[in-house]
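Visitor: Below you will find the structure I want to go over with you.
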Amino acid sequence: MKKTEMLKKNYEFKNVLNRGKYYSGNYIEVFIKKNKKNINFLGIAISSKAGNAVERNHLKRLIRENYKNIEGQMQTGYDIVFLWKKKRDIRRACYCDIQADFEKILKKAQIIKG
């Protein structure tokens with residue numbers, strides 16, 4: 001399993017959102033930017049308008065778990081920020097839908113190895 005660091009500071013998120021490439025799925029939006037390190041940096045941002053704290057934290061756990069499962073197949077050296085689409089209902093989020101979005105987006109971005 002690879003080591004992944006989390007993006008925590010506001011300027012780190014802004015840097016990826018302003019300079020990264022944008023990819024969109026049915027439920028999530030992803031901004032990906034290359035970094036010059038040998039590890040991936042992960043950021044998850046969900047608007048407070050999407051739902052209450054319990055629902056947002058549940059969604060973050062689902063995204064983190066999906067990322068953890070696919071992490072071994074990914075290339076290293078990227079800053080990745082996941083955003084939840086505002087028009088999607090947070091209460092209808094399920095693991096399998098997020099997983100399908102992950103695979104689709106990361107294949108489109110050519111981050112998944114062979």
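Chain labels follow the order of the structure tokens: the first chain is A, the next B, and so on; residue numbering restarts at 1 in every chain, and ligands are counted from 1 in their shown order.
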What residues in chain A get the DSSP label strand (DSSP E)? Please answer as a list in words.

Guide: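 Answer for chain A restricted to strand (DSSP E) is Thr4, Glu5, Met6, Lys21, Tyr22, Tyr23, Ser24, Ile28, Glu29, Val30, Phe31, Ile32, Lys33, Lys34, Asn40, Phe41, Leu42, Gly43, Ile44, Ala45, Tyr78, Asp79, Ile80, Val81, Phe82, Leu83 and Trp84 of chain A.
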
Visitor: Could you save the residues just selected, with N, CA, C and O atoms, as an mmCIF file, in the first residue's frame?

Guide:
```cif
data_model
loop_
_atom_site.group_PDB
_atom_site.id
_atom_site.type_symbol
_atom_site.label_atom_id
_atom_site.label_comp_id
_atom_site.auth_asym_id
_atom_site.auth_seq_id
_atom_site.Cartn_x
_atom_site.Cartn_y
_atom_site.Cartn_z
ATOM 1 N N THR A 4 -0.153 7.950 1.266
ATOM 2 C CA THR A 4 -0.889 9.098 0.753
ATOM 3 C C THR A 4 -1.023 10.133 1.849
ATOM 4 O O THR A 4 -1.413 9.820 2.963
ATOM 5 N N GLU A 5 -0.698 11.346 1.513
ATOM 6 C CA GLU A 5 -0.849 12.460 2.444
ATOM 7 C C GLU A 5 -2.132 13.201 2.098
ATOM 8 O O GLU A 5 -2.600 13.167 0.971
ATOM 9 N N MET A 6 -2.678 13.882 3.086
ATOM 10 C CA MET A 6 -3.893 14.661 2.870
ATOM 11 C C MET A 6 -3.539 16.131 2.641
ATOM 12 O O MET A 6 -2.619 16.650 3.263
ATOM 13 N N LYS A 21 -6.094 19.812 -13.757
ATOM 14 C CA LYS A 21 -7.016 19.440 -14.825
ATOM 15 C C LYS A 21 -8.310 18.945 -14.202
ATOM 16 O O LYS A 21 -8.306 18.269 -13.181
ATOM 17 N N TYR A 22 -9.407 19.259 -14.870
ATOM 18 C CA TYR A 22 -10.748 18.959 -14.353
ATOM 19 C C TYR A 22 -11.317 17.729 -15.056
ATOM 20 O O TYR A 22 -11.256 17.616 -16.270
ATOM 21 N N TYR A 23 -11.860 16.812 -14.245
ATOM 22 C CA TYR A 23 -12.554 15.641 -14.770
ATOM 23 C C TYR A 23 -13.863 15.505 -14.012
ATOM 24 O O TYR A 23 -13.923 15.764 -12.817
ATOM 25 N N SER A 24 -14.900 15.076 -14.721
ATOM 26 C CA SER A 24 -16.216 15.011 -14.097
ATOM 27 C C SER A 24 -16.837 13.641 -14.294
ATOM 28 O O SER A 24 -16.715 13.036 -15.356
ATOM 29 N N ILE A 28 -19.102 12.785 -8.686
ATOM 30 C CA ILE A 28 -17.965 13.539 -8.174
ATOM 31 C C ILE A 28 -17.248 14.282 -9.294
ATOM 32 O O ILE A 28 -17.318 13.896 -10.463
ATOM 33 N N GLU A 29 -16.564 15.342 -8.896
ATOM 34 C CA GLU A 29 -15.693 16.101 -9.780
ATOM 35 C C GLU A 29 -14.284 15.984 -9.219
ATOM 36 O O GLU A 29 -14.098 15.978 -8.003
ATOM 37 N N VAL A 30 -13.302 15.888 -10.113
ATOM 38 C CA VAL A 30 -11.931 15.673 -9.668
ATOM 39 C C VAL A 30 -11.020 16.692 -10.348
ATOM 40 O O VAL A 30 -11.129 16.927 -11.555
ATOM 41 N N PHE A 31 -10.140 17.285 -9.557
ATOM 42 C CA PHE A 31 -9.083 18.138 -10.070
ATOM 43 C C PHE A 31 -7.764 17.426 -9.789
ATOM 44 O O PHE A 31 -7.500 17.029 -8.650
ATOM 45 N N ILE A 32 -6.946 17.265 -10.824
ATOM 46 C CA ILE A 32 -5.689 16.529 -10.693
ATOM 47 C C ILE A 32 -4.545 17.404 -11.192
ATOM 48 O O ILE A 32 -4.608 17.969 -12.275
ATOM 49 N N LYS A 33 -3.498 17.489 -10.363
ATOM 50 C CA LYS A 33 -2.321 18.276 -10.716
ATOM 51 C C LYS A 33 -1.083 17.457 -10.381
ATOM 52 O O LYS A 33 -1.016 16.819 -9.338
ATOM 53 N N LYS A 34 -0.117 17.463 -11.282
ATOM 54 C CA LYS A 34 1.132 16.755 -11.014
ATOM 55 C C LYS A 34 1.933 17.502 -9.954
ATOM 56 O O LYS A 34 1.935 18.725 -9.929
ATOM 57 N N ASN A 40 1.244 10.701 -3.506
ATOM 58 C CA ASN A 40 0.017 11.390 -3.871
ATOM 59 C C ASN A 40 -0.501 12.179 -2.674
ATOM 60 O O ASN A 40 -0.385 11.742 -1.534
ATOM 61 N N PHE A 41 -1.093 13.319 -2.962
ATOM 62 C CA PHE A 41 -1.759 14.125 -1.950
ATOM 63 C C PHE A 41 -3.240 14.128 -2.271
ATOM 64 O O PHE A 41 -3.632 14.403 -3.401
ATOM 65 N N LEU A 42 -4.065 13.823 -1.282
ATOM 66 C CA LEU A 42 -5.498 13.686 -1.472
ATOM 67 C C LEU A 42 -6.233 14.774 -0.704
ATOM 68 O O LEU A 42 -5.914 15.054 0.446
ATOM 69 N N GLY A 43 -7.228 15.375 -1.354
ATOM 70 C CA GLY A 43 -8.084 16.351 -0.705
ATOM 71 C C GLY A 43 -9.537 16.050 -1.030
ATOM 72 O O GLY A 43 -9.857 15.666 -2.148
ATOM 73 N N ILE A 44 -10.405 16.199 -0.042
ATOM 74 C CA ILE A 44 -11.834 15.966 -0.223
ATOM 75 C C ILE A 44 -12.561 17.208 0.269
ATOM 76 O O ILE A 44 -12.366 17.625 1.408
ATOM 77 N N ALA A 45 -13.394 17.785 -0.599
ATOM 78 C CA ALA A 45 -14.138 18.982 -0.226
ATOM 79 C C ALA A 45 -15.607 18.777 -0.563
ATOM 80 O O ALA A 45 -15.952 18.451 -1.690
ATOM 81 N N TYR A 78 0.880 12.909 -7.740
ATOM 82 C CA TYR A 78 -0.263 13.748 -8.097
ATOM 83 C C TYR A 78 -0.903 14.351 -6.855
ATOM 84 O O TYR A 78 -0.922 13.746 -5.794
ATOM 85 N N ASP A 79 -1.439 15.562 -7.039
ATOM 86 C CA ASP A 79 -2.334 16.172 -6.054
ATOM 87 C C ASP A 79 -3.736 15.981 -6.600
ATOM 88 O O ASP A 79 -4.019 16.352 -7.737
ATOM 89 N N ILE A 80 -4.615 15.394 -5.801
ATOM 90 C CA ILE A 80 -5.963 15.056 -6.257
ATOM 91 C C ILE A 80 -6.978 15.640 -5.286
ATOM 92 O O ILE A 80 -6.879 15.410 -4.081
ATOM 93 N N VAL A 81 -7.949 16.382 -5.816
ATOM 94 C CA VAL A 81 -9.016 16.941 -4.993
ATOM 95 C C VAL A 81 -10.341 16.421 -5.526
ATOM 96 O O VAL A 81 -10.650 16.555 -6.717
ATOM 97 N N PHE A 82 -11.120 15.806 -4.639
ATOM 98 C CA PHE A 82 -12.448 15.301 -4.983
ATOM 99 C C PHE A 82 -13.504 16.263 -4.462
ATOM 100 O O PHE A 82 -13.467 16.657 -3.307
ATOM 101 N N LEU A 83 -14.435 16.606 -5.325
ATOM 102 C CA LEU A 83 -15.559 17.470 -4.959
ATOM 103 C C LEU A 83 -16.854 16.719 -5.233
ATOM 104 O O LEU A 83 -16.960 15.993 -6.214
ATOM 105 N N TRP A 84 -17.848 16.917 -4.391
ATOM 106 C CA TRP A 84 -19.166 16.320 -4.589
ATOM 107 C C TRP A 84 -19.987 17.259 -5.461
ATOM 108 O O TRP A 84 -20.010 18.457 -5.238
#
```

Visitor: Residues of segment 38-69 of chain A within 9 Å of segment 87-98 of chain A: nearest atom pair and distance (Å, one decimal) for each, counting only C-alpha atoms, sorted by chain and number, as a Markdown table?

Guide:
```
| residue | atom | partner | partner_atom | distance |
| --- | --- | --- | --- | --- |
| A:Ala50 | CA | A:Ile90 | CA | 6.3 |
| A:Gly51 | CA | A:Ile90 | CA | 6.7 |
| A:Glu55 | CA | A:Ile90 | CA | 6.9 |
| A:Arg56 | CA | A:Ile90 | CA | 7.6 |
| A:Leu59 | CA | A:Ala93 | CA | 7.2 |
| A:Leu62 | CA | A:Tyr95 | CA | 6.1 |
| A:Ile63 | CA | A:Ile98 | CA | 7.1 |
| A:Glu65 | CA | A:Tyr95 | CA | 8.7 |
| A:Asn66 | CA | A:Ile98 | CA | 7.4 |
```

Visitor: Pick out the closest residue to Asn38 of chain A from this set: A:Met74, A:Tyr67, A:His58, A:Asn52. Count only C-alpha atoms.

Guide: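 Counting only C-alpha atoms, the residue closest to Asn38 of chain A is A:Met74.
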
Visitor: Quick check, in Å to one decimal: how far apart do atom CA of Gly77 of chain A and atom CA of Lys113 of chain A lie?

Guide: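 One can read the atom CA of Gly77 of chain A to atom CA of Lys113 of chain A distance as 13.1 Å.
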
Visitor: Between atom CA of Glu12 of chain A and atom CA of Ile111 of chain A, what is the spacing in Å?

Guide: 20.4 Å

Visitor: Which one of A:Lys85, A:Glu103, A:Lys8, A:Thr76 sits closest to Lys49 of chain A if you count only C-alpha atoms?

Guide: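 So, comparing all the options, the nearest one is A:Lys85.
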
Visitor: In Å, with one decimal, what is the gap from atom CA of Tyr11 of chain A to atom CA of Ile112 of chain A?

Guide: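 A separation of 26.8 Å between them.
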
Visitor: Using DSSP secondary structure from the backbone, list all helix (DSSP H, G or I) positions within chain A, as JSON, numbers by chain.

Guide: {"A": [10, 11, 12, 13, 14, 15, 16, 17, 18, 19, 48, 49, 50, 53, 54, 55, 56, 57, 58, 59, 60, 61, 62, 63, 64, 65, 66, 67, 68, 69, 70, 71, 72, 73, 90, 91, 92, 95, 96, 97, 98, 99, 100, 101, 102, 103, 104, 105, 106, 107, 108]}
